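Below: work.cif (mmCIF, C-alpha atoms and all ligand atoms)
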```cif
data_protein
loop_
_atom_site.label_atom_id
_atom_site.label_comp_id
_atom_site.auth_asym_id
_atom_site.auth_seq_id
_atom_site.Cartn_x
_atom_site.Cartn_y
_atom_site.Cartn_z
CA MET A 211 -16.04 41.45 -9.39
CA ALA A 212 -12.52 41.30 -10.80
CA ALA A 213 -10.98 41.94 -7.37
CA SER A 214 -13.00 39.29 -5.65
CA SER A 215 -12.26 36.77 -8.34
CA SER A 216 -8.48 37.12 -7.94
CA LEU A 217 -8.99 36.69 -4.20
CA ASP A 218 -10.95 33.52 -4.83
CA GLU A 219 -8.26 32.40 -7.20
CA LEU A 220 -5.58 32.90 -4.51
CA ILE A 221 -7.59 31.02 -1.88
CA GLU A 222 -8.20 28.20 -4.29
CA ALA A 223 -4.49 28.10 -5.22
CA LEU A 224 -3.37 27.91 -1.58
CA ARG A 225 -5.50 24.84 -1.10
CA CYS A 226 -3.04 22.79 -3.11
CA LEU A 227 -0.72 22.84 -0.08
CA PRO A 228 -0.86 19.63 1.97
CA GLY A 229 -3.30 19.80 4.87
CA VAL A 230 -4.69 23.20 3.86
CA GLY A 231 -8.47 23.31 3.76
CA PRO A 232 -10.75 26.18 2.66
CA LYS A 233 -10.63 27.83 6.12
CA SER A 234 -6.89 27.98 6.48
CA ALA A 235 -6.48 28.93 2.81
CA GLN A 236 -8.69 31.91 3.46
CA ARG A 237 -6.71 32.85 6.58
CA MET A 238 -3.44 32.62 4.67
CA ALA A 239 -4.74 34.72 1.80
CA TYR A 240 -5.97 37.52 4.10
CA HIS A 241 -2.72 37.40 6.04
CA LEU A 242 -0.62 37.74 2.90
CA LEU A 243 -2.72 40.53 1.42
CA GLN A 244 -3.40 42.47 4.59
CA ARG A 245 -0.47 41.99 6.94
CA ASP A 246 2.49 40.91 4.92
CA ARG A 247 2.47 42.15 1.37
CA ARG A 248 6.27 42.05 1.17
CA GLY A 249 6.27 38.48 2.34
CA ALA A 250 3.67 37.74 -0.29
CA GLU A 251 5.78 39.30 -3.00
CA ARG A 252 8.82 37.32 -1.91
CA LEU A 253 6.75 34.16 -1.89
CA ALA A 254 5.43 34.84 -5.38
CA GLN A 255 8.88 35.56 -6.76
CA SER A 256 10.69 32.67 -5.12
CA LEU A 257 7.93 30.30 -6.15
CA SER A 258 8.01 31.29 -9.78
CA GLY A 259 11.83 31.41 -9.71
CA ALA A 260 12.00 27.91 -8.26
CA LEU A 261 9.51 26.65 -10.81
CA GLU A 262 11.50 28.20 -13.59
CA ARG A 263 14.98 27.17 -12.51
CA LEU A 264 14.61 23.93 -10.58
CA ARG A 265 14.52 20.64 -12.35
CA HIS A 266 15.55 17.10 -11.57
CA CYS A 267 19.27 16.37 -11.60
CA ALA A 268 19.94 14.01 -14.48
CA ARG A 269 21.87 11.69 -12.18
CA CYS A 270 20.35 11.74 -8.69
CA ASN A 271 16.86 12.96 -9.58
CA ASN A 272 16.97 15.44 -6.68
CA PHE A 273 15.97 19.05 -7.34
CA SER A 274 18.78 20.96 -8.99
CA GLU A 275 19.37 24.24 -10.80
CA ASP A 276 21.75 22.55 -13.18
CA GLU A 277 21.52 19.60 -15.49
CA VAL A 278 23.70 17.72 -12.99
CA CYS A 279 23.82 18.88 -9.35
CA SER A 280 27.00 19.82 -7.50
CA ARG A 281 26.91 16.76 -5.26
CA CYS A 282 26.83 14.43 -8.23
CA LEU A 283 29.76 16.33 -9.78
CA SER A 284 31.83 16.46 -6.59
CA SER A 285 35.19 14.69 -6.80
CA ARG A 286 35.08 13.96 -3.09
CA ARG A 287 32.19 11.51 -3.33
CA ASP A 288 32.65 7.78 -3.81
CA VAL A 289 31.14 6.95 -7.18
CA THR A 290 31.01 3.21 -6.46
CA GLN A 291 28.24 3.54 -3.86
CA LEU A 292 24.74 4.67 -4.61
CA CYS A 293 22.22 5.22 -1.86
CA VAL A 294 18.52 5.14 -2.84
CA VAL A 295 16.16 7.23 -0.73
CA GLU A 296 12.47 8.07 -1.07
CA MET A 297 12.52 11.85 -0.72
CA PRO A 298 14.98 14.77 -0.70
CA ILE A 299 14.38 15.13 3.04
CA ASP A 300 15.68 11.58 3.51
CA LEU A 301 18.83 12.51 1.62
CA ASN A 302 19.31 15.40 4.03
CA SER A 303 18.94 13.03 6.99
CA MET A 304 21.57 10.71 5.53
CA GLU A 305 23.93 13.60 4.89
CA GLN A 306 23.65 14.76 8.49
CA THR A 307 25.06 11.43 9.64
CA HIS A 308 28.39 12.05 7.81
CA ALA A 309 28.45 8.26 7.58
CA PHE A 310 28.08 8.01 3.85
CA GLN A 311 30.45 9.35 1.21
CA GLY A 312 28.81 7.88 -1.86
CA LEU A 313 26.18 9.30 -4.18
CA TYR A 314 22.41 9.28 -4.04
CA TYR A 315 19.35 8.57 -6.07
CA VAL A 316 16.07 10.15 -4.95
CA LEU A 317 12.99 8.18 -6.01
CA MET A 318 10.58 11.04 -5.21
CA GLY A 319 8.17 8.54 -3.73
CA ARG A 320 7.66 4.87 -2.97
CA LEU A 321 5.66 2.01 -4.38
CA SER A 322 2.11 2.47 -3.16
CA PRO A 323 -0.18 0.11 -5.09
CA LEU A 324 -3.36 1.33 -3.40
CA ASP A 325 -2.58 4.88 -4.52
CA GLY A 326 -1.74 3.70 -8.00
CA ILE A 327 1.99 4.37 -7.62
CA GLY A 328 3.93 1.69 -9.43
CA PRO A 329 7.29 1.31 -11.17
CA ARG A 330 6.17 3.50 -14.06
CA GLU A 331 5.09 6.40 -11.87
CA LEU A 332 8.41 6.18 -10.02
CA ALA A 333 10.44 5.80 -13.21
CA PHE A 334 12.30 2.71 -12.02
CA GLU A 335 13.96 2.55 -15.44
CA ARG A 336 15.79 5.81 -14.75
CA LEU A 337 17.25 4.45 -11.54
CA LEU A 338 18.26 1.21 -13.27
CA ASN A 339 20.05 3.22 -15.96
CA ARG A 340 21.76 5.35 -13.33
CA ALA A 341 22.89 2.33 -11.30
CA THR A 342 24.32 0.53 -14.32
CA ASP A 343 26.67 3.33 -15.39
CA GLY A 344 29.60 0.95 -14.91
CA LEU A 345 31.00 2.84 -11.92
CA VAL A 346 28.44 1.95 -9.28
CA LYS A 347 29.27 -1.31 -7.49
CA GLU A 348 26.97 -1.25 -4.50
CA VAL A 349 23.45 0.09 -4.14
CA ILE A 350 22.27 0.82 -0.61
CA LEU A 351 18.50 0.81 -0.26
CA ALA A 352 17.49 3.35 2.35
CA THR A 353 13.76 3.53 1.73
CA ASN A 354 11.59 3.79 4.83
CA PHE A 355 10.67 0.84 7.01
CA THR A 356 7.01 1.06 6.16
CA ASN A 357 5.21 -1.57 4.10
CA GLU A 358 5.54 0.69 1.05
CA GLY A 359 9.24 1.32 1.67
CA GLU A 360 9.84 -2.40 2.12
CA ALA A 361 7.98 -3.30 -1.07
CA THR A 362 10.04 -0.69 -2.92
CA ALA A 363 13.30 -2.04 -1.51
CA HIS A 364 12.34 -5.62 -2.33
CA TYR A 365 11.63 -5.00 -6.00
CA LEU A 366 14.58 -2.69 -6.46
CA SER A 367 16.88 -5.28 -4.93
CA GLU A 368 15.62 -7.92 -7.36
CA LEU A 369 16.01 -5.64 -10.37
CA LEU A 370 19.44 -4.37 -9.33
CA SER A 371 20.85 -7.77 -8.34
CA ALA A 372 19.73 -9.14 -11.69
CA ARG A 373 21.99 -6.50 -13.24
CA GLY A 374 25.00 -7.74 -11.32
CA LEU A 375 25.08 -5.08 -8.62
CA LYS A 376 25.74 -5.67 -4.96
CA VAL A 377 22.61 -4.59 -3.09
CA SER A 378 22.32 -3.85 0.60
CA ARG A 379 19.46 -2.70 2.80
CA MET A 380 19.68 -0.35 5.76
CA ALA A 381 19.46 -2.29 9.03
CA ARG A 382 16.57 -1.74 11.36
CA GLY A 383 16.34 -2.29 15.09
CA LEU A 384 16.34 -0.51 18.40
CA PRO A 385 17.48 3.10 18.47
CA VAL A 386 20.94 3.79 19.86
CA GLY A 387 20.59 4.13 23.64
CA GLY A 388 17.24 2.37 23.33
CA GLU A 389 16.05 0.22 26.20
CA LEU A 390 13.75 -2.74 25.62
CA GLU A 391 11.46 -1.61 28.40
CA PHE A 392 10.70 1.65 26.66
CA SER A 393 10.66 0.49 23.06
CA ASP A 394 7.52 -0.20 21.12
CA ALA A 395 6.61 -3.86 20.79
CA ILE A 396 6.62 -3.98 17.02
CA THR A 397 10.19 -2.67 16.83
CA VAL A 398 11.40 -5.10 19.49
CA ALA A 399 9.65 -8.00 17.74
CA GLN A 400 11.23 -7.16 14.40
CA ALA A 401 14.66 -6.58 15.94
CA PHE A 402 14.33 -10.04 17.47
CA ILE A 403 13.30 -11.68 14.19
CA GLU A 404 16.17 -9.96 12.40
CA ARG A 405 18.74 -10.70 15.13
CA ARG A 406 22.29 -11.32 13.92
CA ASP A 407 25.06 -13.68 14.90
CA TYR A 408 27.35 -12.35 17.58
CA SER A 409 30.83 -13.25 16.54
CA MET B 984 -31.28 10.87 21.17
CA SER B 985 -27.82 11.01 19.71
CA GLN B 986 -25.91 7.80 20.03
CA LYS B 987 -22.44 8.51 21.29
CA LEU B 988 -21.03 5.17 20.37
CA ARG B 989 -17.94 4.02 22.18
CA VAL B 990 -16.18 0.88 21.09
CA ASP B 991 -13.24 -0.72 22.83
CA GLY B 992 -10.91 -3.63 22.36
CA GLN B 993 -11.71 -4.33 18.71
CA THR B 994 -9.29 -6.46 16.75
CA ALA B 995 -8.78 -4.67 13.47
CA PHE B 996 -6.45 -4.18 10.52
CA LEU B 997 -5.49 -0.99 8.75
CA LEU B 998 -6.44 -1.33 5.07
CA HIS B 999 -5.25 2.05 3.88
CA SER B 1000 -4.77 5.56 5.20
CA TYR B 1001 -5.14 9.02 3.72
CA PRO B 1002 -3.75 12.32 4.99
CA TYR B 1003 -6.56 14.38 6.45
CA SER B 1004 -4.69 17.44 7.62
CA GLU B 1005 -1.10 18.41 8.31
CA THR B 1006 -1.18 16.29 11.49
CA SER B 1007 -4.05 13.84 11.16
CA LEU B 1008 -5.05 11.01 8.91
CA ILE B 1009 -8.07 8.93 8.07
CA ALA B 1010 -7.48 5.25 8.69
CA ASP B 1011 -9.65 2.89 6.68
CA VAL B 1012 -9.84 -0.13 9.00
CA PHE B 1013 -11.39 -3.57 8.89
CA SER B 1014 -12.56 -4.68 12.33
CA ARG B 1015 -13.88 -8.04 13.34
CA ASP B 1016 -17.23 -7.01 14.77
CA TYR B 1017 -17.93 -3.67 13.08
CA GLY B 1018 -16.67 -4.35 9.61
CA ARG B 1019 -14.91 -1.72 7.58
CA LEU B 1020 -14.98 1.86 8.79
CA PRO B 1021 -13.03 5.10 8.55
CA LEU B 1022 -11.38 6.41 11.72
CA LEU B 1023 -9.90 9.83 12.23
CA ALA B 1024 -6.47 9.39 13.79
CA ARG B 1025 -5.72 12.73 15.34
CA GLY B 1026 -2.08 13.73 15.45
CA ALA B 1027 -1.03 10.49 13.77
CA ARG B 1028 1.14 12.40 11.28
CA ARG B 1029 3.07 14.26 13.96
CA PRO B 1030 6.72 13.22 14.05
CA LYS B 1031 6.55 12.00 17.67
CA SER B 1032 3.08 10.51 17.55
CA ALA B 1033 2.83 7.08 19.13
CA LEU B 1034 0.35 6.18 16.41
CA ARG B 1035 2.80 6.91 13.64
CA GLY B 1036 4.69 3.64 13.67
CA LEU B 1037 1.71 1.70 14.94
CA LEU B 1038 -0.87 2.26 12.23
CA ILE B 1039 0.72 -0.18 9.87
CA GLY B 1040 -1.04 -2.46 7.43
CA PHE B 1041 -1.21 -6.27 7.67
CA GLN B 1042 -0.67 -6.17 11.44
CA PRO B 1043 -3.34 -7.05 13.98
CA LEU B 1044 -4.21 -4.05 16.12
CA GLU B 1045 -6.50 -3.54 19.04
CA LEU B 1046 -8.47 -0.37 18.44
CA GLY B 1047 -10.93 1.73 20.37
CA TRP B 1048 -13.01 4.57 18.93
CA PHE B 1049 -15.93 6.84 19.62
CA GLY B 1050 -18.29 9.12 17.78
CA ALA B 1051 -21.69 9.14 16.21
CA GLY B 1052 -20.92 10.39 12.72
CA GLU B 1053 -19.79 8.54 9.66
CA VAL B 1054 -16.14 9.03 10.57
CA LYS B 1055 -15.40 7.97 14.14
CA THR B 1056 -12.43 9.16 16.15
CA LEU B 1057 -9.68 6.72 16.99
CA ALA B 1058 -9.20 6.74 20.75
CA LYS B 1059 -6.82 3.90 21.37
CA ALA B 1060 -4.52 1.66 19.40
CA GLU B 1061 -2.33 -1.17 20.45
CA TRP B 1062 -0.26 -3.57 18.45
CA LEU B 1063 -1.27 -7.18 19.05
CA GLY B 1064 1.47 -8.99 17.16
CA GLY B 1065 1.43 -12.61 16.10
CA ILE B 1066 1.70 -12.05 12.36
CA PRO B 1067 5.21 -11.40 11.03
CA LEU B 1068 5.60 -8.36 8.76
CA LEU B 1069 4.87 -9.23 5.15
CA ALA B 1070 7.87 -9.15 2.89
CA GLY B 1071 8.67 -9.04 -0.81
CA ARG B 1072 6.11 -10.25 -3.32
CA CYS B 1073 3.73 -11.20 -0.49
CA LEU B 1074 3.40 -7.52 0.36
CA LEU B 1075 1.94 -6.90 -3.08
CA LEU B 1076 -0.49 -9.79 -2.63
CA GLY B 1077 -1.47 -8.24 0.70
CA TYR B 1078 -2.29 -4.98 -1.05
CA TYR B 1079 -4.48 -6.96 -3.43
CA LEU B 1080 -6.50 -8.34 -0.50
CA ASN B 1081 -6.83 -4.85 0.96
CA GLU B 1082 -7.96 -3.38 -2.33
CA LEU B 1083 -10.63 -6.07 -2.68
CA LEU B 1084 -11.95 -5.22 0.77
CA ILE B 1085 -11.83 -1.49 0.10
CA SER B 1086 -13.59 -1.89 -3.24
CA LEU B 1087 -16.26 -4.40 -2.32
CA LEU B 1088 -17.01 -4.05 1.38
CA ALA B 1089 -19.73 -1.59 2.40
CA ARG B 1090 -19.04 0.45 5.49
CA GLU B 1091 -19.98 -0.83 8.92
CA ASP B 1092 -21.17 -4.22 7.82
CA ALA B 1093 -19.79 -6.84 10.17
CA HIS B 1094 -18.24 -9.88 8.49
CA PRO B 1095 -16.49 -11.92 11.18
CA ILE B 1096 -16.14 -14.99 8.94
CA LEU B 1097 -14.51 -12.94 6.23
CA PHE B 1098 -12.34 -11.26 8.85
CA ASP B 1099 -11.06 -14.63 10.06
CA SER B 1100 -10.39 -15.65 6.48
CA TYR B 1101 -8.41 -12.41 5.97
CA VAL B 1102 -6.33 -13.25 9.05
CA SER B 1103 -5.59 -16.76 7.70
CA ALA B 1104 -4.63 -15.32 4.33
CA LEU B 1105 -2.26 -12.82 5.96
CA GLN B 1106 -0.75 -15.54 8.12
CA ALA B 1107 -0.04 -17.59 5.01
CA LEU B 1108 1.46 -14.59 3.20
CA ALA B 1109 3.52 -13.62 6.23
CA HIS B 1110 5.05 -17.07 6.18
CA GLY B 1111 6.01 -16.63 2.57
CA ALA B 1112 3.33 -18.70 0.84
CA GLU B 1113 3.35 -16.85 -2.45
CA ASP B 1114 0.49 -18.22 -4.45
CA ALA B 1115 -1.30 -19.56 -1.48
CA PRO B 1116 -4.63 -21.29 -1.82
CA GLU B 1117 -5.39 -18.85 0.99
CA LEU B 1118 -5.90 -16.14 -1.61
CA ARG B 1119 -8.51 -18.23 -3.42
CA LYS B 1120 -10.16 -19.23 -0.16
CA PHE B 1121 -10.34 -15.58 0.76
CA GLU B 1122 -11.86 -14.60 -2.60
CA VAL B 1123 -14.47 -17.36 -2.33
CA ARG B 1124 -15.30 -16.30 1.24
CA LEU B 1125 -15.49 -12.67 0.11
CA LEU B 1126 -18.03 -13.29 -2.65
CA ARG B 1127 -20.11 -15.62 -0.50
CA GLU B 1128 -20.11 -13.32 2.53
CA LEU B 1129 -21.07 -10.32 0.44
CA GLY B 1130 -24.00 -12.20 -1.01
CA TYR B 1131 -22.77 -12.31 -4.57
CA GLY B 1132 -24.24 -15.78 -4.84
CA LEU B 1133 -21.18 -17.77 -5.73
CA ARG B 1134 -22.71 -21.05 -6.76
CA LEU B 1135 -20.55 -24.13 -6.26
CA GLU B 1136 -23.01 -26.84 -5.20
CA THR B 1137 -25.58 -27.18 -7.94
CA ASP B 1138 -25.93 -26.66 -11.65
CA ALA B 1139 -27.80 -23.43 -12.40
CA GLN B 1140 -29.73 -24.91 -15.29
CA THR B 1141 -31.12 -28.14 -13.88
CA GLY B 1142 -30.55 -27.65 -10.16
CA SER B 1143 -28.86 -31.01 -9.88
CA ASP B 1144 -25.69 -31.60 -7.89
CA ILE B 1145 -22.39 -30.73 -9.52
CA ASP B 1146 -20.84 -33.77 -11.14
CA ALA B 1147 -17.09 -33.92 -10.58
CA THR B 1148 -16.49 -35.56 -13.94
CA ARG B 1149 -18.43 -33.06 -16.10
CA ARG B 1150 -17.36 -29.77 -17.58
CA TYR B 1151 -19.29 -26.59 -16.83
CA LEU B 1152 -19.38 -23.03 -18.02
CA TYR B 1153 -19.49 -20.61 -15.13
CA GLN B 1154 -21.85 -17.77 -16.09
CA VAL B 1155 -21.23 -14.73 -13.94
CA GLU B 1156 -24.73 -13.85 -12.85
CA ARG B 1157 -26.06 -17.39 -12.88
CA GLY B 1158 -23.55 -19.99 -11.91
CA PRO B 1159 -22.32 -23.20 -13.53
CA VAL B 1160 -24.24 -24.65 -16.46
CA PRO B 1161 -23.24 -27.86 -18.25
CA GLN B 1162 -20.86 -27.24 -21.12
CA VAL B 1163 -22.31 -28.95 -24.18
CA GLY B 1164 -20.43 -31.18 -26.54
CA ALA B 1165 -16.67 -31.20 -26.70
CA GLY B 1166 -16.69 -27.44 -26.00
CA ASP B 1167 -13.62 -25.25 -25.79
CA THR B 1168 -11.92 -26.06 -22.48
CA ALA B 1169 -9.47 -23.21 -22.87
CA ILE B 1170 -12.07 -20.47 -22.48
CA ASP B 1171 -11.97 -18.72 -19.13
CA ALA B 1172 -15.40 -19.74 -17.94
CA SER B 1173 -14.85 -23.44 -18.56
CA VAL B 1174 -14.27 -25.52 -15.42
CA THR B 1175 -14.51 -29.13 -14.38
CA GLY B 1176 -17.08 -30.11 -11.79
CA LYS B 1177 -14.22 -31.24 -9.62
CA THR B 1178 -12.83 -27.70 -9.48
CA LEU B 1179 -16.16 -26.37 -8.24
CA LEU B 1180 -16.43 -29.07 -5.60
CA ASP B 1181 -12.81 -28.53 -4.54
CA MET B 1182 -13.43 -24.79 -4.17
CA ARG B 1183 -16.44 -25.55 -2.04
CA ALA B 1184 -14.31 -27.82 0.14
CA ASP B 1185 -11.38 -25.35 0.29
CA ASP B 1186 -9.17 -27.98 -1.29
CA TYR B 1187 -6.58 -26.54 -3.65
CA SER B 1188 -4.14 -29.43 -3.74
CA ASP B 1189 -4.88 -30.19 -7.40
CA PRO B 1190 -2.98 -27.96 -9.85
CA VAL B 1191 -5.99 -28.03 -12.23
CA THR B 1192 -8.18 -26.72 -9.43
CA ARG B 1193 -5.65 -23.99 -8.69
CA ARG B 1194 -5.51 -22.93 -12.34
CA GLU B 1195 -9.22 -23.05 -13.07
CA SER B 1196 -10.34 -21.50 -9.80
CA ARG B 1197 -7.95 -18.60 -10.31
CA ARG B 1198 -9.40 -18.02 -13.77
CA ILE B 1199 -13.03 -17.97 -12.76
CA MET B 1200 -12.44 -15.98 -9.59
CA ARG B 1201 -10.63 -13.33 -11.60
CA GLN B 1202 -13.60 -13.07 -13.94
CA LEU B 1203 -16.16 -12.96 -11.16
CA ILE B 1204 -14.28 -10.36 -9.17
CA SER B 1205 -13.77 -8.19 -12.18
CA HIS B 1206 -17.50 -8.46 -12.89
CA HIS B 1207 -18.43 -7.43 -9.35
CA LEU B 1208 -16.00 -4.54 -9.55
CA GLY B 1209 -17.96 -3.35 -12.55
CA GLY B 1210 -14.88 -3.62 -14.73
CA ARG B 1211 -12.95 -1.13 -12.58
CA PRO B 1212 -9.32 -2.23 -12.76
CA LEU B 1213 -7.50 -3.05 -9.53
CA GLN B 1214 -4.48 -0.79 -9.03
CA SER B 1215 -2.66 -3.40 -6.96
CA ARG B 1216 -2.98 -5.92 -9.79
CA ARG B 1217 -1.73 -3.43 -12.37
CA VAL B 1218 1.30 -2.50 -10.24
CA TYR B 1219 1.97 -6.17 -9.51
CA MET B 1220 1.90 -7.08 -13.20
CA GLU B 1221 4.15 -4.17 -14.10
CA LEU B 1222 6.69 -5.19 -11.46
CA GLN B 1223 6.65 -8.84 -12.51
CA GLY B 1224 7.16 -7.76 -16.10
CA MET B 1225 10.30 -5.71 -15.48
ZN ZN C 1 22.52 15.06 -8.56
#
```
Structure translated into structure tokens:
Amino acid sequence: MAASSSLDELIEALRCLPGVGPKSAQRMAYHLLQRDRRGAERLAQSLSGALERLRHCARCNNFSEDEVCSRCLSSRRDVTQLCVVEMPIDLNSMEQTHAFQGLYYVLMGRLSPLDGIGPRELAFERLLNRATDGLVKEVILATNFTNEGEATAHYLSELLSARGLKVSRMARGLPVGGELEFSDAITVAQAFIERRDYS
Amino acid sequence: MSQKLRVDGQTAFLLHSYPYSETSLIADVFSRDYGRLPLLARGARRPKSALRGLLIGFQPLELGWFGAGEVKTLAKAEWLGGIPLLAGRCLLLGYYLNELLISLLAREDAHPILFDSYVSALQALAHGAEDAPELRKFEVRLLRELGYGLRLETDAQTGSDIDATRRYLYQVERGPVPQVGAGDTAIDASVTGKTLLDMRADDYSDPVTRRESRRIMRQLISHHLGGRPLQSRRVYMELQGM
């Protein structure tokens, strides 16, 4: 009874992972217990370690082991530019470009009214406090080009501009090397609407 | 005999979507001839999926699906275009329309008139009309189409025609009844006959009509939602208040 209940507990716990239903949770549990006990131990330890040590950086809101993460403390970053992204993975994408030397703020989400995610859930106040530290001059909004990302960017731009900050939005359009013939219609249409002067 | 339904070339809008598995999602769509229904979009969450950038709200899509169960499988999707992407505050108003449809529309009930009214409302919002009469027109159409008995023609007490010069109290389950005496005109249910007639005629040029119609529609909708608060309204109010 006790053995089977901790198995059930494990299966139930695995179901919290995105896209994992009862079937795959069961498969994972048997795999961990039967075929890869060392892997399971490592998973258990790293999970509880991460839970224990990781928190949100007081400045960028990304996961960090310290009160303030090393990127936010780095003297090589430009403190006058702050780039707002939805998720840590978006920050990684930006970093891979080597195009941006400023600092980041990670929202950990986006406005999604139909899911009940509003400014309170996203702690907009925290971002506003961060952006008005007196050093930041420009905020670059790099939320996704979905309806939710656009709504987020719109409201943030209003709130940040009202606080005297320069606000810019990532440009959208055809991908580099993109040909009209092979691009999706909605992207081409929007690139056309948002065309810029050629001077 | 199992009915393997196959539908093609339906104009539809995505109202909302929910992750279904690591790679698939359920799209809650509103189609012109089949009403609101959930479609399983296989692979739509894969990074390279053609559906990924296509299943976007407030944009007219041409969809095809098949299946006999409650959740059909999306077979085809194409972007139709013709409505600019919503921007800014209008996006939040768009979410409000979607939440009304999600909350009040039963599944697979066709409402072509309401669908056309939704398209007009989106067109207005896409062109930046912020507090468009289109929203009110849509709300009126919604309650009428769903059979909530929105009464704008006759007085519920006497059955006589609405008099533009009188004041009425709009009672949620009944309709307008004459407001007696001087009455308090500031209470939410109090409207002039003219407002009711204007709403019936889709005429929102009068600021009094705009104000009063907004007030009674809010009450009626909240009543039909059974007091359940609308998330989109809460988020909207919070954002406006910042
Ligand atoms: Zn940091």
Quiz item: In Å to one decimal, how far is atom CA of B:Leu1133 from atom CA of B:Gly1158?
Solution: 7.0 Å
Is it possible to get the residues within 12 Å of (6.6, 2.5, -7.9) (coordinates as in the file, counting only C-alpha atoms) written as a short mmCIF file (atom, residue, chain, number, x, y, z; two decimals) with C-alpha atoms, in the coordinates of the input?
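File produced: selection.cif:
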```
data_model
loop_
_atom_site.label_atom_id
_atom_site.label_comp_id
_atom_site.auth_asym_id
_atom_site.auth_seq_id
_atom_site.Cartn_x
_atom_site.Cartn_y
_atom_site.Cartn_z
CA GLU A 296 12.47 8.07 -1.07
CA LEU A 317 12.99 8.18 -6.01
CA MET A 318 10.58 11.04 -5.21
CA GLY A 319 8.17 8.54 -3.73
CA ARG A 320 7.66 4.87 -2.97
CA LEU A 321 5.66 2.01 -4.38
CA SER A 322 2.11 2.47 -3.16
CA PRO A 323 -0.18 0.11 -5.09
CA LEU A 324 -3.36 1.33 -3.40
CA ASP A 325 -2.58 4.88 -4.52
CA GLY A 326 -1.74 3.70 -8.00
CA ILE A 327 1.99 4.37 -7.62
CA GLY A 328 3.93 1.69 -9.43
CA PRO A 329 7.29 1.31 -11.17
CA ARG A 330 6.17 3.50 -14.06
CA GLU A 331 5.09 6.40 -11.87
CA LEU A 332 8.41 6.18 -10.02
CA ALA A 333 10.44 5.80 -13.21
CA PHE A 334 12.30 2.71 -12.02
CA GLU A 335 13.96 2.55 -15.44
CA ARG A 336 15.79 5.81 -14.75
CA LEU A 337 17.25 4.45 -11.54
CA GLU A 358 5.54 0.69 1.05
CA GLY A 359 9.24 1.32 1.67
CA GLU A 360 9.84 -2.40 2.12
CA ALA A 361 7.98 -3.30 -1.07
CA THR A 362 10.04 -0.69 -2.92
CA ALA A 363 13.30 -2.04 -1.51
CA HIS A 364 12.34 -5.62 -2.33
CA TYR A 365 11.63 -5.00 -6.00
CA LEU A 366 14.58 -2.69 -6.46
CA LEU B 1075 1.94 -6.90 -3.08
CA GLN B 1214 -4.48 -0.79 -9.03
CA SER B 1215 -2.66 -3.40 -6.96
CA ARG B 1217 -1.73 -3.43 -12.37
CA VAL B 1218 1.30 -2.50 -10.24
CA TYR B 1219 1.97 -6.17 -9.51
CA MET B 1220 1.90 -7.08 -13.20
CA GLU B 1221 4.15 -4.17 -14.10
CA LEU B 1222 6.69 -5.19 -11.46
CA MET B 1225 10.30 -5.71 -15.48
#
```
Self-check item: Env. residues ligand ZN 1 (chain C) / 12 Å / only C-alpha atoms and all ligand atoms / as a PyMOL selection string
Solution: chain A and resi 265-284+287+289+292-293+298+301+312-316+340
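One distance worth recording is that between atom CA of A:Pro228 and atom CA of B:Leu997, which is 22.2 Å.
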Exercise. Check the smallest atom-to-atom distance from each of A:Glu389, A:Asp407, A:Glu368, A:Glu348 to chain B using all atoms listed in the file, then report the winner.
Key: A:Glu368
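Using all atoms listed in the file, the shortest contact distance between chain B and any of A:Val377, A:Gly388, A:Leu351, A:Leu369 is found at A:Leu369.
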Quiz item: Which of these residues is nearest to chain B, using all atoms listed in the file: A:Gly374, A:Gly229, A:Gly383, A:Gly259?
Solution: A:Gly229
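Rounded to one decimal, atom CA of B:Thr1056 and atom CA of B:Ala1089 lie 18.9 Å from each other.
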Practice problem: Show which residues sit within 8 Å of stretch 217-223 of chain A, as an NGL selection string. Count all atoms listed in the file, and ignore same-chain residues fewer than 5 positions away. | Solution: :A and (232 or 235-236 or 238-239)
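Nearest to chain B of all the residues A:Leu264, A:Ala250, A:Leu370, A:Val230 is A:Val230, counting all atoms listed in the file.
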Quiz item: With distances taken over all atoms listed in the file, which of B:Pro1212, B:Arg1150, B:Val1054, B:Pro1021 is nearest to chain A?
Solution: B:Pro1212
Exercise. Can you pull out every residue within 9 Å of B:Ala1109, counting all atoms listed in the file, but drop anything in the same chain fewer than 5 positions away, and send it as a PyMOL selection string?
Key: chain B and resi 1041+1066-1070+1073-1074+1104
Self-check item: Residue nearest chain A - candidates B:Glu1082, B:Glu1053, B:Asp1092, B:Asp991, atoms counted: all atoms listed in the file
Solution: B:Glu1082
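Close contacts of B:Leu1022, defined as residues with an atom at most 10 Å away when counting all atoms listed in the file, with chain neighbours fewer than 4 positions off set aside, comprise Leu997, Ser1000, Leu1008, Ile1009, Ala1010, Asp1011, Val1012, Leu1046, Gly1047, Trp1048, Phe1049, Gly1050, Glu1053, Val1054, Lys1055, Thr1056, Leu1057 and Ala1058 of chain B.
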Quiz prompt | Contact residues around B:Gly1210 with all atoms listed in the file at 12 Å, ignoring same-chain residues under 5 positions, as an MDAnalysis selection string | solution = chainID B and resid 1086 1201:1205
Go ahead and save the picked residues with C-alpha atoms, as an mmCIF file, keeping the file's coordinate frame.
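Contents of out_22.cif, freshly written:
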```
data_model
loop_
_atom_site.group_PDB
_atom_site.id
_atom_site.type_symbol
_atom_site.label_atom_id
_atom_site.label_comp_id
_atom_site.auth_asym_id
_atom_site.auth_seq_id
_atom_site.Cartn_x
_atom_site.Cartn_y
_atom_site.Cartn_z
ATOM 1 C CA SER B 1086 -13.590 -1.890 -3.240
ATOM 2 C CA ARG B 1201 -10.630 -13.330 -11.600
ATOM 3 C CA GLN B 1202 -13.600 -13.070 -13.940
ATOM 4 C CA LEU B 1203 -16.160 -12.960 -11.160
ATOM 5 C CA ILE B 1204 -14.280 -10.360 -9.170
ATOM 6 C CA SER B 1205 -13.770 -8.190 -12.180
#
```
